[in-house]
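structure-v7.txt, holding compact mmCIF, C-alpha atoms and all ligand atoms:
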# COMPACT_ATOMS: atom_id res chain seq x y z
CA MET A 1 25.95 1.50 16.60
CA SER A 2 25.28 4.56 18.78
CA ARG A 3 23.27 4.15 21.98
CA THR A 4 20.40 6.32 20.63
CA ARG A 5 20.17 4.28 17.46
CA GLU A 6 20.18 1.07 19.49
CA ILE A 7 17.21 2.34 21.54
CA ILE A 8 15.28 3.31 18.40
CA HIS A 9 15.93 -0.12 16.82
CA LYS A 10 14.72 -1.79 19.99
CA ARG A 11 11.53 0.30 20.13
CA HIS A 12 10.86 -0.33 16.47
CA GLY A 13 11.31 -4.10 16.97
CA MET A 14 9.00 -4.09 20.00
CA GLU A 15 6.31 -2.12 18.19
CA SER A 16 6.44 -4.51 15.22
CA LYS A 17 6.31 -7.52 17.56
CA GLU A 18 3.29 -6.13 19.37
CA THR A 19 1.36 -5.54 16.15
CA LEU A 20 2.22 -9.03 14.91
CA ARG A 21 1.17 -10.54 18.23
CA LYS A 22 -2.23 -8.88 17.95
CA LEU A 23 -2.66 -9.87 14.29
CA VAL A 24 -1.82 -13.48 15.02
CA HIS A 25 -3.26 -14.08 18.48
CA GLU A 26 -6.22 -11.74 18.90
CA PHE A 27 -8.19 -13.08 15.94
CA PRO A 28 -9.68 -16.54 15.52
CA ASP A 29 -8.96 -19.13 12.82
CA ASN A 30 -6.10 -17.56 10.90
CA PRO A 31 -5.62 -19.41 7.60
CA ALA A 32 -2.52 -21.63 7.51
CA GLY A 33 -1.48 -19.74 4.35
CA MET A 34 -0.92 -16.61 6.46
CA ASP A 35 1.93 -18.27 8.39
CA TYR A 36 4.34 -17.45 5.56
CA PHE A 37 3.47 -13.75 5.84
CA TYR A 38 3.57 -13.64 9.65
CA ALA A 39 7.04 -15.24 9.60
CA LEU A 40 8.23 -12.87 6.88
CA PHE A 41 7.27 -9.79 8.93
CA GLU A 42 8.88 -11.33 12.00
CA ARG A 43 12.17 -11.74 10.11
CA ALA A 44 12.15 -8.38 8.34
CA TYR A 45 10.69 -6.10 11.02
CA CYS A 46 11.32 -7.75 14.38
CA ASP A 47 14.68 -9.39 13.66
CA GLY A 48 15.89 -6.81 11.11
CA GLU A 49 17.02 -9.55 8.70
CA PRO A 50 18.31 -8.18 5.37
CA LEU A 51 16.33 -10.01 2.69
CA HIS A 52 18.09 -9.29 -0.58
CA GLU A 53 21.78 -9.52 0.12
CA GLY A 54 24.03 -9.39 -2.93
CA ARG A 55 21.45 -7.62 -5.12
CA PRO A 56 21.02 -3.89 -5.76
CA VAL A 57 18.09 -2.71 -3.67
CA VAL A 58 16.22 0.26 -5.10
CA GLY A 59 14.05 2.09 -2.58
CA THR A 60 10.85 3.75 -3.74
CA LEU A 61 9.00 6.50 -1.91
CA CYS A 62 5.60 6.06 -3.55
CA VAL A 63 3.65 3.49 -5.58
CA GLN A 64 4.13 5.60 -8.70
CA ALA A 65 7.69 4.32 -9.21
CA PRO A 66 7.61 1.66 -11.96
CA ASP A 67 8.67 -1.65 -10.37
CA GLU A 68 8.97 -3.46 -13.68
CA LEU A 69 11.84 -1.27 -14.88
CA VAL A 70 13.77 -1.78 -11.65
CA ARG A 71 13.32 -5.56 -11.86
CA ALA A 72 14.31 -5.68 -15.52
CA CYS A 73 17.56 -3.88 -14.64
CA GLY A 74 18.39 -6.49 -11.98
CA GLY A 75 17.31 -4.40 -8.99
CA VAL A 76 14.94 -5.31 -6.17
CA PRO A 77 12.33 -2.58 -5.66
CA VAL A 78 11.50 -2.02 -1.99
CA ARG A 79 8.85 0.50 -1.03
CA LEU A 80 10.12 2.52 1.91
CA CYS A 81 6.87 4.14 3.12
CA ASN A 82 6.88 3.46 6.82
CA GLY A 83 4.21 2.88 9.48
CA ALA A 84 6.18 2.83 12.75
CA TYR A 85 5.41 5.26 15.55
CA ALA A 86 8.95 4.84 16.93
CA LEU A 87 10.32 6.13 13.60
CA ASP A 88 7.63 8.81 13.29
CA GLN A 89 9.07 10.30 16.47
CA VAL A 90 12.54 10.35 14.96
CA GLY A 91 11.28 12.02 11.76
CA ALA A 92 9.27 14.54 13.80
CA GLU A 93 12.53 16.06 15.02
CA HIS A 94 13.28 17.16 11.47
CA LEU A 95 9.87 18.04 10.00
CA PRO A 96 7.11 20.49 11.00
CA ALA A 97 4.64 19.39 13.68
CA ARG A 98 1.70 19.33 11.21
CA SER A 99 3.37 17.00 8.73
CA CYS A 100 2.11 13.58 7.68
CA PRO A 101 3.15 10.71 10.00
CA LEU A 102 3.87 8.48 7.01
CA VAL A 103 6.41 10.97 5.70
CA ARG A 104 7.87 11.54 9.16
CA ALA A 105 8.23 7.81 9.83
CA THR A 106 9.80 7.26 6.41
CA LEU A 107 12.33 9.99 7.09
CA GLY A 108 12.84 8.53 10.57
CA ALA A 109 13.73 5.18 8.99
CA PHE A 110 16.43 6.85 6.91
CA GLU A 111 17.73 8.81 9.87
CA SER A 112 17.92 5.83 12.21
CA ARG A 113 18.51 3.05 9.65
CA ALA A 114 16.20 0.92 11.76
CA VAL A 115 14.84 -1.06 8.80
CA ALA A 116 17.17 -3.48 7.04
CA PRO A 117 17.25 -2.15 3.45
CA MET A 118 18.42 1.30 4.55
CA ASP A 119 22.00 0.05 4.59
CA GLN A 120 21.66 -1.71 1.24
CA LEU A 121 20.16 0.98 -0.96
CA SER A 122 21.73 1.63 -4.37
CA LEU A 123 19.17 4.31 -5.16
CA VAL A 124 16.02 5.96 -3.82
CA ILE A 125 13.35 6.83 -6.38
CA ASN A 126 11.18 9.75 -5.47
CA PRO A 127 8.19 10.27 -7.76
CA THR A 128 7.28 13.94 -7.34
CA THR A 129 3.75 13.22 -6.18
CA CYS A 130 2.78 14.73 -2.83
CA ASP A 131 4.56 17.87 -1.65
CA GLN A 132 5.63 16.44 1.69
CA LYS A 133 7.36 13.47 0.08
CA LYS A 134 9.04 15.80 -2.40
CA LYS A 135 10.51 17.96 0.32
CA ALA A 136 11.44 15.03 2.56
CA ALA A 137 13.43 13.55 -0.31
CA GLU A 138 15.73 16.56 -0.26
CA HIS A 139 16.42 15.82 3.38
CA ILE A 140 17.02 12.14 2.57
CA ALA A 141 19.55 13.13 -0.10
CA SER A 142 21.35 15.28 2.47
CA LEU A 143 21.88 12.15 4.57
CA GLY A 144 24.07 10.77 1.79
CA TYR A 145 21.55 8.69 -0.19
CA GLU A 146 21.40 8.77 -3.97
CA VAL A 147 17.93 10.14 -4.78
CA TYR A 148 16.36 10.18 -8.23
CA SER A 149 13.41 12.57 -8.69
CA LEU A 150 11.01 10.98 -11.10
CA GLU A 151 8.95 13.88 -12.41
CA PHE A 152 5.23 13.24 -12.08
CA PRO A 153 2.46 15.51 -13.43
CA PRO A 154 -0.19 17.06 -11.12
CA VAL A 155 -3.01 16.30 -13.59
CA LYS A 156 -3.56 13.12 -15.53
CA HIS A 157 -6.23 13.68 -18.16
CA SER A 158 -4.42 15.96 -20.59
CA GLU A 159 -2.31 14.74 -23.49
CA GLN A 160 0.52 17.02 -22.30
CA ALA A 161 0.54 15.38 -18.87
CA ARG A 162 0.67 11.96 -20.44
CA GLU A 163 3.57 12.93 -22.73
CA TYR A 164 5.41 14.64 -19.88
CA TRP A 165 5.17 11.51 -17.72
CA ARG A 166 6.14 9.21 -20.58
CA SER A 167 9.28 11.23 -21.20
CA SER A 168 10.12 11.17 -17.44
CA VAL A 169 9.80 7.39 -17.43
CA ARG A 170 11.90 7.04 -20.60
CA ARG A 171 14.65 9.18 -19.03
CA PHE A 172 14.44 7.07 -15.90
CA ALA A 173 14.74 3.86 -17.94
CA HIS A 174 17.94 5.26 -19.48
CA SER A 175 19.45 6.21 -16.12
CA LEU A 176 18.56 3.13 -14.08
CA PRO A 177 21.33 0.78 -15.36
CA ARG A 178 23.89 3.24 -13.94
CA TYR A 179 22.70 2.32 -10.43
CA THR A 180 21.91 -1.36 -10.84
CA GLY A 181 24.74 -2.33 -13.19
CA ARG A 182 22.50 -4.19 -15.63
CA LYS A 183 21.34 -3.02 -19.04
CA LEU A 184 17.67 -2.74 -19.86
CA THR A 185 16.85 -5.08 -22.73
CA ARG A 186 13.65 -6.06 -24.44
CA ARG A 187 13.87 -9.64 -23.19
CA ARG A 188 14.49 -8.66 -19.55
CA LEU A 189 11.70 -6.12 -19.55
CA ARG A 190 9.27 -8.56 -21.07
CA ARG A 191 10.17 -11.11 -18.38
CA ALA A 192 9.74 -8.53 -15.60
CA LEU A 193 6.34 -7.56 -16.98
CA HIS A 194 5.33 -11.18 -17.04
CA GLU A 195 6.42 -11.77 -13.42
CA VAL A 196 4.58 -8.71 -12.11
CA ASP A 197 1.53 -9.66 -14.15
CA ARG A 198 1.46 -13.14 -12.53
CA ALA A 199 1.66 -11.55 -9.08
CA GLN A 200 -1.16 -9.13 -9.92
CA ALA A 201 -3.33 -11.93 -11.27
CA GLU A 202 -2.99 -13.71 -7.92
CA TYR A 203 -3.81 -10.45 -6.14
CA ARG A 204 -6.97 -9.93 -8.20
CA ARG A 205 -7.96 -13.50 -7.34
CA LEU A 206 -7.66 -12.57 -3.65
CA GLN A 207 -9.91 -9.56 -4.26
CA ARG A 208 -12.53 -11.75 -5.93
CA LEU A 209 -12.45 -14.18 -3.00
CA ARG A 210 -13.03 -11.31 -0.59
CA GLN A 211 -16.26 -10.50 -2.46
CA ALA A 212 -17.80 -13.75 -1.18
CA ARG A 213 -20.60 -13.55 1.39
CA PRO A 214 -19.48 -14.50 4.02
CA THR A 215 -15.96 -13.31 3.29
CA PRO A 216 -13.16 -15.81 4.07
CA LEU A 217 -10.37 -13.45 5.23
CA PHE A 218 -9.99 -10.60 7.69
CA GLY A 219 -8.87 -7.28 6.17
CA LYS A 220 -5.98 -7.11 8.66
CA ASP A 221 -4.47 -10.13 6.91
CA ALA A 222 -5.15 -8.73 3.45
CA PHE A 223 -3.21 -5.59 4.43
CA LEU A 224 -0.34 -7.74 5.63
CA VAL A 225 -0.23 -9.64 2.34
CA THR A 226 -0.04 -6.44 0.31
CA GLY A 227 2.42 -4.93 2.80
CA ALA A 228 4.69 -7.92 2.11
CA TYR A 229 4.64 -7.01 -1.59
CA PHE A 230 6.58 -3.86 -0.58
CA PHE A 231 9.72 -5.83 0.16
CA ASP A 232 9.43 -9.59 -0.47
CA ASP A 233 10.96 -11.61 -3.29
CA LEU A 234 8.35 -11.40 -6.06
CA GLY A 235 8.32 -15.10 -6.97
CA ARG A 236 8.03 -16.23 -3.34
CA TRP A 237 5.29 -13.68 -2.65
CA THR A 238 3.28 -14.89 -5.64
CA GLU A 239 3.61 -18.53 -4.61
CA ALA A 240 2.67 -17.80 -0.99
CA LEU A 241 -0.39 -15.87 -2.14
CA ARG A 242 -1.35 -18.67 -4.51
CA ALA A 243 -1.30 -21.13 -1.58
CA LEU A 244 -3.35 -18.73 0.55
CA ASN A 245 -5.87 -18.20 -2.26
CA ASP A 246 -6.28 -21.97 -2.74
CA GLU A 247 -7.07 -22.26 0.94
CA LEU A 248 -9.50 -19.33 0.82
CA GLU A 249 -11.23 -20.83 -2.20
CA GLN A 250 -11.86 -23.94 -0.13
CA ARG A 251 -13.14 -21.78 2.74
CA VAL A 252 -15.60 -20.08 0.38
CA ALA A 253 -16.78 -23.47 -0.93
CA ASP A 254 -17.32 -24.58 2.69
CA GLY A 255 -19.23 -21.39 3.54
CA PHE A 256 -16.60 -20.48 6.16
CA ALA A 257 -16.97 -16.99 7.69
CA ALA A 258 -13.82 -15.18 8.92
CA ALA A 259 -16.00 -12.88 11.04
CA GLN A 260 -19.55 -13.37 12.32
CA SER A 261 -21.83 -13.88 9.35
CA ARG A 262 -23.73 -10.67 10.18
CA ALA A 263 -20.61 -8.52 10.54
CA PRO A 264 -20.98 -5.24 8.58
CA ARG A 265 -18.79 -5.19 5.48
CA ILE A 266 -16.42 -2.22 5.32
CA LEU A 267 -14.65 -0.50 2.46
CA PHE A 268 -11.47 1.17 3.75
CA THR A 269 -10.06 4.24 2.01
CA GLY A 270 -7.85 7.28 2.55
CA SER A 271 -4.31 7.44 3.90
CA PRO A 272 -2.66 4.03 3.65
CA PRO A 273 -2.35 1.61 6.59
CA ILE A 274 1.27 0.47 6.59
CA PHE A 275 2.74 -2.10 8.97
CA PRO A 276 3.03 -1.80 11.94
CA ASN A 277 0.39 0.95 11.92
CA LEU A 278 -2.66 -1.23 11.32
CA LYS A 279 -4.49 0.21 14.31
CA LEU A 280 -7.61 1.37 12.48
CA PRO A 281 -8.24 -1.81 10.40
CA MET A 282 -7.69 -3.88 13.57
CA LEU A 283 -10.05 -1.70 15.63
CA ILE A 284 -12.77 -2.03 12.99
CA GLU A 285 -12.46 -5.80 13.00
CA GLN A 286 -12.21 -6.08 16.77
CA SER A 287 -15.45 -4.07 16.94
CA GLY A 288 -17.38 -6.71 15.01
CA ALA A 289 -17.11 -5.51 11.38
CA ILE A 290 -14.89 -6.81 8.60
CA VAL A 291 -12.85 -4.92 6.00
CA VAL A 292 -13.71 -6.61 2.70
CA ALA A 293 -12.21 -4.09 0.28
CA ASP A 294 -9.89 -1.11 0.21
CA GLU A 295 -8.88 1.78 -1.99
CA VAL A 296 -5.48 2.80 -0.65
CA CYS A 297 -2.02 2.97 -2.16
CA SER A 298 -0.68 0.23 0.11
CA ALA A 299 -3.04 -2.35 -1.39
CA ASN A 300 -5.66 -2.23 -4.13
CA ARG A 301 -4.30 0.85 -5.88
CA MET A 302 -0.81 -0.64 -5.94
CA LEU A 303 -1.68 -3.97 -7.49
CA HIS A 304 -4.97 -3.81 -9.32
CA ASP A 305 -4.20 -2.50 -12.81
CA ARG A 306 -2.25 -4.29 -15.52
CA VAL A 307 0.25 -2.94 -18.02
CA ALA A 308 -1.40 -3.03 -21.46
CA VAL A 309 1.28 -3.58 -24.12
CA ASP A 310 0.43 -3.18 -27.83
CA GLU A 311 3.85 -3.90 -29.32
CA TRP A 312 6.58 -5.86 -27.56
CA PHE A 313 9.39 -3.47 -28.54
CA LEU A 314 11.50 -2.00 -25.76
CA TYR A 315 10.23 1.58 -25.84
CA ASP A 316 6.64 0.58 -26.53
CA MET A 317 6.80 -1.45 -23.34
CA VAL A 318 8.34 1.50 -21.45
CA ASP A 319 5.50 3.77 -22.65
CA ALA A 320 2.89 1.16 -21.71
CA ILE A 321 4.42 0.98 -18.22
CA ALA A 322 4.27 4.78 -17.92
CA ASP A 323 0.58 4.74 -18.87
CA ARG A 324 -0.18 2.07 -16.28
CA TYR A 325 1.30 4.23 -13.51
CA LEU A 326 -0.57 7.38 -14.52
CA LYS A 327 -4.00 6.66 -15.99
CA PRO A 328 -5.54 4.38 -13.35
CA CYS A 329 -3.88 6.13 -10.37
CA THR A 330 -6.45 7.42 -7.90
CA CYS A 331 -4.10 9.21 -5.50
CA PRO A 332 -5.64 12.50 -4.27
CA ILE A 333 -2.60 14.51 -5.38
CA PHE A 334 -4.28 15.01 -8.76
CA ASP A 335 -6.46 18.02 -9.54
CA THR A 336 -9.75 16.09 -9.44
CA SER A 337 -11.11 13.16 -7.47
CA GLU A 338 -13.48 11.90 -10.16
CA ASP A 339 -11.69 8.60 -10.79
CA ARG A 340 -11.35 7.89 -7.10
CA ARG A 341 -15.10 8.39 -6.55
CA ARG A 342 -15.89 6.07 -9.46
CA ARG A 343 -13.48 3.42 -8.19
CA LEU A 344 -14.90 3.56 -4.66
CA LEU A 345 -18.45 3.13 -5.93
CA GLU A 346 -17.39 0.16 -8.07
CA LEU A 347 -15.70 -1.49 -5.08
CA ALA A 348 -18.67 -0.81 -2.83
CA ARG A 349 -20.96 -2.58 -5.30
CA SER A 350 -18.67 -5.51 -6.17
CA HIS A 351 -17.85 -6.26 -2.51
CA HIS A 352 -21.40 -5.71 -1.15
CA VAL A 353 -20.27 -3.05 1.27
CA ASP A 354 -22.37 -1.71 4.18
CA GLY A 355 -20.22 1.31 5.10
CA VAL A 356 -16.98 3.14 4.38
CA VAL A 357 -14.17 4.14 6.73
CA TYR A 358 -12.09 7.06 5.50
CA GLN A 359 -8.72 7.45 7.23
CA ALA A 360 -6.89 10.77 6.88
CA PHE A 361 -3.48 11.16 8.46
CA ALA A 362 -3.34 14.39 10.43
CA GLY A 363 -1.28 16.74 8.31
CA CYS A 364 -2.08 15.09 4.98
CA GLN A 365 -3.87 17.95 3.27
CA VAL A 366 -4.86 16.16 0.08
CA TYR A 367 -6.78 13.38 1.84
CA GLU A 368 -8.27 15.83 4.32
CA MET A 369 -9.45 18.15 1.55
CA GLU A 370 -10.80 15.45 -0.72
CA HIS A 371 -12.89 13.86 2.00
CA ARG A 372 -16.00 16.01 1.55
CA ALA A 373 -16.41 15.32 -2.17
CA ILE A 374 -15.82 11.62 -1.67
CA ALA A 375 -18.25 11.38 1.27
CA GLN A 376 -20.99 13.17 -0.71
CA ALA A 377 -20.65 10.73 -3.62
CA LEU A 378 -20.82 7.72 -1.29
CA GLN A 379 -23.69 9.03 0.80
CA ALA A 380 -25.66 9.70 -2.38
CA GLU A 381 -25.52 5.92 -2.85
CA GLN A 382 -26.82 5.36 0.71
CA LEU A 383 -23.36 4.37 1.96
CA PRO A 384 -22.62 5.66 5.49
CA VAL A 385 -19.09 7.09 5.79
CA MET A 386 -17.00 7.47 8.92
CA TYR A 387 -14.19 10.01 8.62
CA ILE A 388 -11.29 9.51 10.99
CA GLU A 389 -8.34 11.82 11.35
CA THR A 390 -5.52 10.04 13.11
CA ASP A 391 -1.77 9.52 13.19
CA TYR A 392 0.63 6.80 14.37
CA SER A 393 0.43 7.65 18.05
CA PRO A 394 -1.36 5.12 20.31
CA ASP A 395 -2.84 8.00 22.35
CA ASP A 396 -6.14 8.21 20.46
CA MET A 397 -6.96 4.49 20.73
CA GLY A 398 -9.66 4.91 23.40
CA GLN A 399 -11.45 7.68 21.55
CA LEU A 400 -11.12 5.86 18.21
CA SER A 401 -12.51 2.62 19.53
CA THR A 402 -15.61 4.41 20.94
CA ARG A 403 -16.28 6.02 17.56
CA VAL A 404 -15.63 2.85 15.58
CA GLU A 405 -17.87 0.77 17.85
CA ALA A 406 -20.70 3.30 17.49
CA PHE A 407 -20.33 3.28 13.71
CA VAL A 408 -20.34 -0.52 13.54
CA GLU A 409 -23.43 -0.63 15.79
CA SER A 410 -25.23 1.86 13.53
CA LEU A 411 -24.47 -0.33 10.50
CA LYS A 412 -25.77 -3.40 12.31
CA ALA A 413 -28.96 -1.54 13.29
CA LYS A 414 -29.44 -0.39 9.70
CA ARG A 415 -29.11 -3.97 8.50
CA ARG A 416 -31.60 -5.20 11.12
CA ARG A 417 -34.11 -2.58 9.95
CA ARG A 418 -33.63 -3.70 6.35
CA THR A 419 -34.25 -7.35 7.14
CA ALA A 420 -37.12 -6.76 9.64
S1 LIG A 501 -0.74 8.65 -0.92
FE1 LIG A 501 -0.29 9.12 -3.08
S2 LIG A 501 1.64 10.26 -2.97
FE2 LIG A 501 1.40 9.23 -1.01
S3 LIG A 501 2.48 7.30 -1.25
FE3 LIG A 501 0.38 6.92 -1.78
S4 LIG A 501 0.25 7.15 -4.01
FE4 LIG A 501 2.16 8.10 -3.30
S1 LIG A 502 -0.72 10.30 3.31
FE1 LIG A 502 -0.84 12.31 2.28
S2 LIG A 502 0.95 13.51 2.94
FE2 LIG A 502 1.25 11.35 3.49
S3 LIG A 502 2.41 10.52 1.76
FE3 LIG A 502 0.26 10.11 1.31
S4 LIG A 502 -0.43 11.91 0.14
FE4 LIG A 502 1.52 12.44 1.08
Could I get this file's structure written as structure tokens?
Amino acid sequence: MSRTREIIHKRHGMESKETLRKLVHEFPDNPAGMDYFYALFERAYCDGEPLHEGRPVVGTLCVQAPDELVRACGGVPVRLCNGAYALDQVGAEHLPARSCPLVRATLGAFESRAVAPMDQLSLVINPTTCDQKKKAAEHIASLGYEVYSLEFPPVKHSEQAREYWRSSVRRFAHSLPRYTGRKLTRRRLRRALHEVDRAQAEYRRLQRLRQARPTPLFGKDAFLVTGAYFFDDLGRWTEALRALNDELEQRVADGFAAAQSRAPRILFTGSPPIFPNLKLPMLIEQSGAIVVADEVCSANRMLHDRVAVDEWFLYDMVDAIADRYLKPCTCPIFDTSEDRRRRLLELARSHHVDGVVYQAFAGCQVYEMEHRAIAQALQAEQLPVMYIETDYSPDDMGQLSTRVEAFVESLKAKRRRRTA
């Protein structure tokens, strides 16, 4: 390994360690069920342990790549979106200054191979969603990776868009066995659907538990659980979440509060927090609020919706999978933000939210541009919104914490006025 690469790996390991240390040691009463997830991140991110040796690992660049098809063909889907500042700096050498840190860090991971699966990838799937990802994928291919562009439509309500996407997914289903070495059959696809469905059911149970007042789990842990879904073995992840949920259910029955019982309840939305960049969720919770729900593609949006199959024939299942990845998707790359507004309002009601934090990564135009429409819809429902433009650098921590603390204080004051 070259000296430069060694330094990058070391920095990446240290950054991951530091985030884990804060998540584990700077918060009280972590549930025992979180130990599995803390240890998993330690192995994968700090020790660089390869987790799926002997199996074809298929990297995905966005949540719009259908996991179920990869699993049915014997592959392990691993989402490669990256949250490390050390890797953002590597990617920044190859991309424009005003590009999204998530895209830069993801490219940096390919360039430096600092994350274990980079040396194991049989294929990288690139759904053609946001422009920056699309263009970065060309760069990734030039590094010698096999990249498959999965054509994604820019609108989702028209019949043409739906048909276009269905045919992209069918073509993809045909091509996939070439990379994984295993044929797609009806039986295998049905089993994969069943396994993902079990995992999602456990995830929805977690979401219901977070609705409790007081809520039994810090948002920083919920983000870690969903971040583990990016790369963990599906069966183990589901079992670990089941154990955590059982424990949380007991906490709810006991009236246990993860944060102070008067802590303002926050809905988090916008650009996705991805380990180790959990700085904003952690700041919110260190300032005395608690993140009880989220609408981001590294959590709720990734795992909420089910595949609805009418007929259990192979290509009916493939079409049903395609529909699941298009219709409910609330990514801002689409022409309108209507569905996202509706989803946010639903979450705000179901999770008894006091305020919303909207994170936009500097350079991510779609989240930046959509902010105004989203904020108006939320404010019309008396929900205060804090908009934060940030990136992966630690430099804005002081300024961010002042703003977050002021926002949390204003929510507390509002609540006091209501109950006076
Ligand atoms: S923000 Fe949208 S385009 Fe980017 S990774 Fe998430 S779902 Fe994909
Ligand atoms: S945060 Fe924005 S620019 Fe970055 S991957 Fe997501 S949609 Fe693309």
> Restricting the calculation to all atoms listed in the file, which member of A:His352, A:Lys22, A:Arg43, A:Lys134 is positioned closest to ligand LIG 502 (chain A)?
Replying inline: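 Comparing A:His352, A:Lys22, A:Arg43, A:Lys134 against ligand LIG 502 (chain A), the winner is A:Lys134.
Using all atoms listed in the file, the protein and nucleic acid residues lying no more than 8 Å from Arg306 of chain A, apart from those fewer than 2 places from it along its own chain, are Asp197, Gln200, His304, Ala308 and Arg324 of chain A.
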Each residue of chain A with at least one atom at most 8 Å from ligand LIG 502 (chain A) should appear once, together with its nearest atom pair and the corresponding distance in Å (one decimal); atoms considered: all atoms listed in the file; ordering: chain, then increasing residue number; output as CSV.
residue,atom,partner,partner_atom,distance
A:Cys62,CA,A:LIG502,S3,7.6
A:Cys81,CA,A:LIG502,S3,7.9
A:Ser99,CA,A:LIG502,S2,7.2
A:Cys100,CA,A:LIG502,FE2,4.8
A:Pro101,CA,A:LIG502,FE2,6.8
A:Leu102,CA,A:LIG502,FE2,5.2
A:Val103,CA,A:LIG502,FE2,5.6
A:Thr129,CA,A:LIG502,FE4,7.6
A:Cys130,CA,A:LIG502,FE4,4.7
A:Asp131,CA,A:LIG502,FE4,6.8
A:Gln132,CA,A:LIG502,S2,5.7
A:Lys133,CA,A:LIG502,S3,6.0
A:Gly270,CA,A:LIG502,S1,7.8
A:Ser271,CA,A:LIG502,S1,4.6
A:Pro272,CA,A:LIG502,S1,6.6
A:Cys331,CA,A:LIG502,S4,7.3
A:Pro332,CA,A:LIG502,S4,6.9
A:Ile333,CA,A:LIG502,S4,6.5
A:Ala360,CA,A:LIG502,S1,7.1
A:Phe361,CA,A:LIG502,S1,5.9
A:Gly363,CA,A:LIG502,S2,6.7
A:Cys364,CA,A:LIG502,S2,4.0
A:Gln365,CA,A:LIG502,FE1,6.5
A:Val366,CA,A:LIG502,FE1,6.0
A:Tyr367,CA,A:LIG502,FE1,6.1
>> With only C-alpha atoms as the counted atoms, please give the residues lying no more than 12 Å from segment 38-40 of chain A, apart from itself and same-chain residues fewer than 3 positions off, as a ChimeraX atom specification.
In response: /A:16-17,19-25,30-35,43-51,220-225,227-233,236-237,240,275
Could you write those residues out with C-alpha atoms, as a short mmCIF file (atom, residue, chain, number, x, y, z; two decimals), in the coordinates of the input?
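Final output, part-v7.cif:
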data_model
loop_
_atom_site.label_atom_id
_atom_site.label_comp_id
_atom_site.auth_asym_id
_atom_site.auth_seq_id
_atom_site.Cartn_x
_atom_site.Cartn_y
_atom_site.Cartn_z
CA SER A 16 6.44 -4.51 15.22
CA LYS A 17 6.31 -7.52 17.56
CA THR A 19 1.36 -5.54 16.15
CA LEU A 20 2.22 -9.03 14.91
CA ARG A 21 1.17 -10.54 18.23
CA LYS A 22 -2.23 -8.88 17.95
CA LEU A 23 -2.66 -9.87 14.29
CA VAL A 24 -1.82 -13.48 15.02
CA HIS A 25 -3.26 -14.08 18.48
CA ASN A 30 -6.10 -17.56 10.90
CA PRO A 31 -5.62 -19.41 7.60
CA ALA A 32 -2.52 -21.63 7.51
CA GLY A 33 -1.48 -19.74 4.35
CA MET A 34 -0.92 -16.61 6.46
CA ASP A 35 1.93 -18.27 8.39
CA ARG A 43 12.17 -11.74 10.11
CA ALA A 44 12.15 -8.38 8.34
CA TYR A 45 10.69 -6.10 11.02
CA CYS A 46 11.32 -7.75 14.38
CA ASP A 47 14.68 -9.39 13.66
CA GLY A 48 15.89 -6.81 11.11
CA GLU A 49 17.02 -9.55 8.70
CA PRO A 50 18.31 -8.18 5.37
CA LEU A 51 16.33 -10.01 2.69
CA LYS A 220 -5.98 -7.11 8.66
CA ASP A 221 -4.47 -10.13 6.91
CA ALA A 222 -5.15 -8.73 3.45
CA PHE A 223 -3.21 -5.59 4.43
CA LEU A 224 -0.34 -7.74 5.63
CA VAL A 225 -0.23 -9.64 2.34
CA GLY A 227 2.42 -4.93 2.80
CA ALA A 228 4.69 -7.92 2.11
CA TYR A 229 4.64 -7.01 -1.59
CA PHE A 230 6.58 -3.86 -0.58
CA PHE A 231 9.72 -5.83 0.16
CA ASP A 232 9.43 -9.59 -0.47
CA ASP A 233 10.96 -11.61 -3.29
CA ARG A 236 8.03 -16.23 -3.34
CA TRP A 237 5.29 -13.68 -2.65
CA ALA A 240 2.67 -17.80 -0.99
CA PHE A 275 2.74 -2.10 8.97
#
> What does the distance from atom CA of Gln382 of chain A to atom CA of Asp354 of chain A come to in Å, to one decimal?
Replying inline: 9.0 Å
>> Ranking A:Glu93, A:Ile388, A:Arg182, A:Arg113 by minimum distance to Val70 of chain A and counting only C-alpha atoms, which one comes first?
In response: A:Arg182
> Hey, what's within 12 Å of Ser2 of chain A if we count all atoms listed in the file and toss same-chain stuff fewer than 5 positions away? As a count of residues only, please?
Replying inline: 5
> Pick the closest to Gly59 of chain A from A:Leu121, A:Ile266, A:Leu209, A:Leu193: which is it, counting only C-alpha atoms?
Replying inline: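 Using only C-alpha atoms, the shortest distance to Gly59 of chain A belongs to A:Leu121.
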Once 8 Å is added on each side, what are the centre and the three edge lengths, in Å to one decimal, of the axis-aligned box enclosing the listed atoms of ligand LIG 501 (chain A)? Present them as lines of an AutoDock Vina configuration file.
center_x = 0.9
center_y = 8.6
center_z = -2.5
size_x = 19.2
size_y = 19.3
size_z = 19.1
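Closest approach to Leu244 of chain A among A:Tyr203, A:Arg162, A:Leu176, A:Glu311 is made by A:Tyr203 (distances from only C-alpha atoms).
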>> Please determine, counting all atoms listed in the file, which residue among A:Glu346, A:Glu295, A:Glu338, A:Glu15 has the shortest atom-to-atom distance to ligand LIG 501 (chain A).
In response: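 Closest to ligand LIG 501 (chain A) of all the choices is A:Glu295.
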> Which residue gives the smallest distance to ligand LIG 501 (chain A) among A:Gly181, A:Pro154, A:Pro216, A:Pro276, with all atoms listed in the file counted?
Replying inline: A:Pro154
> Contacts of Met302 of chain A at 7 Å or less, counting all atoms listed in the file, minus same-chain residues fewer than 4 places along, as a list in words?
Replying inline: Val63, Cys297 and Ser298 of chain A
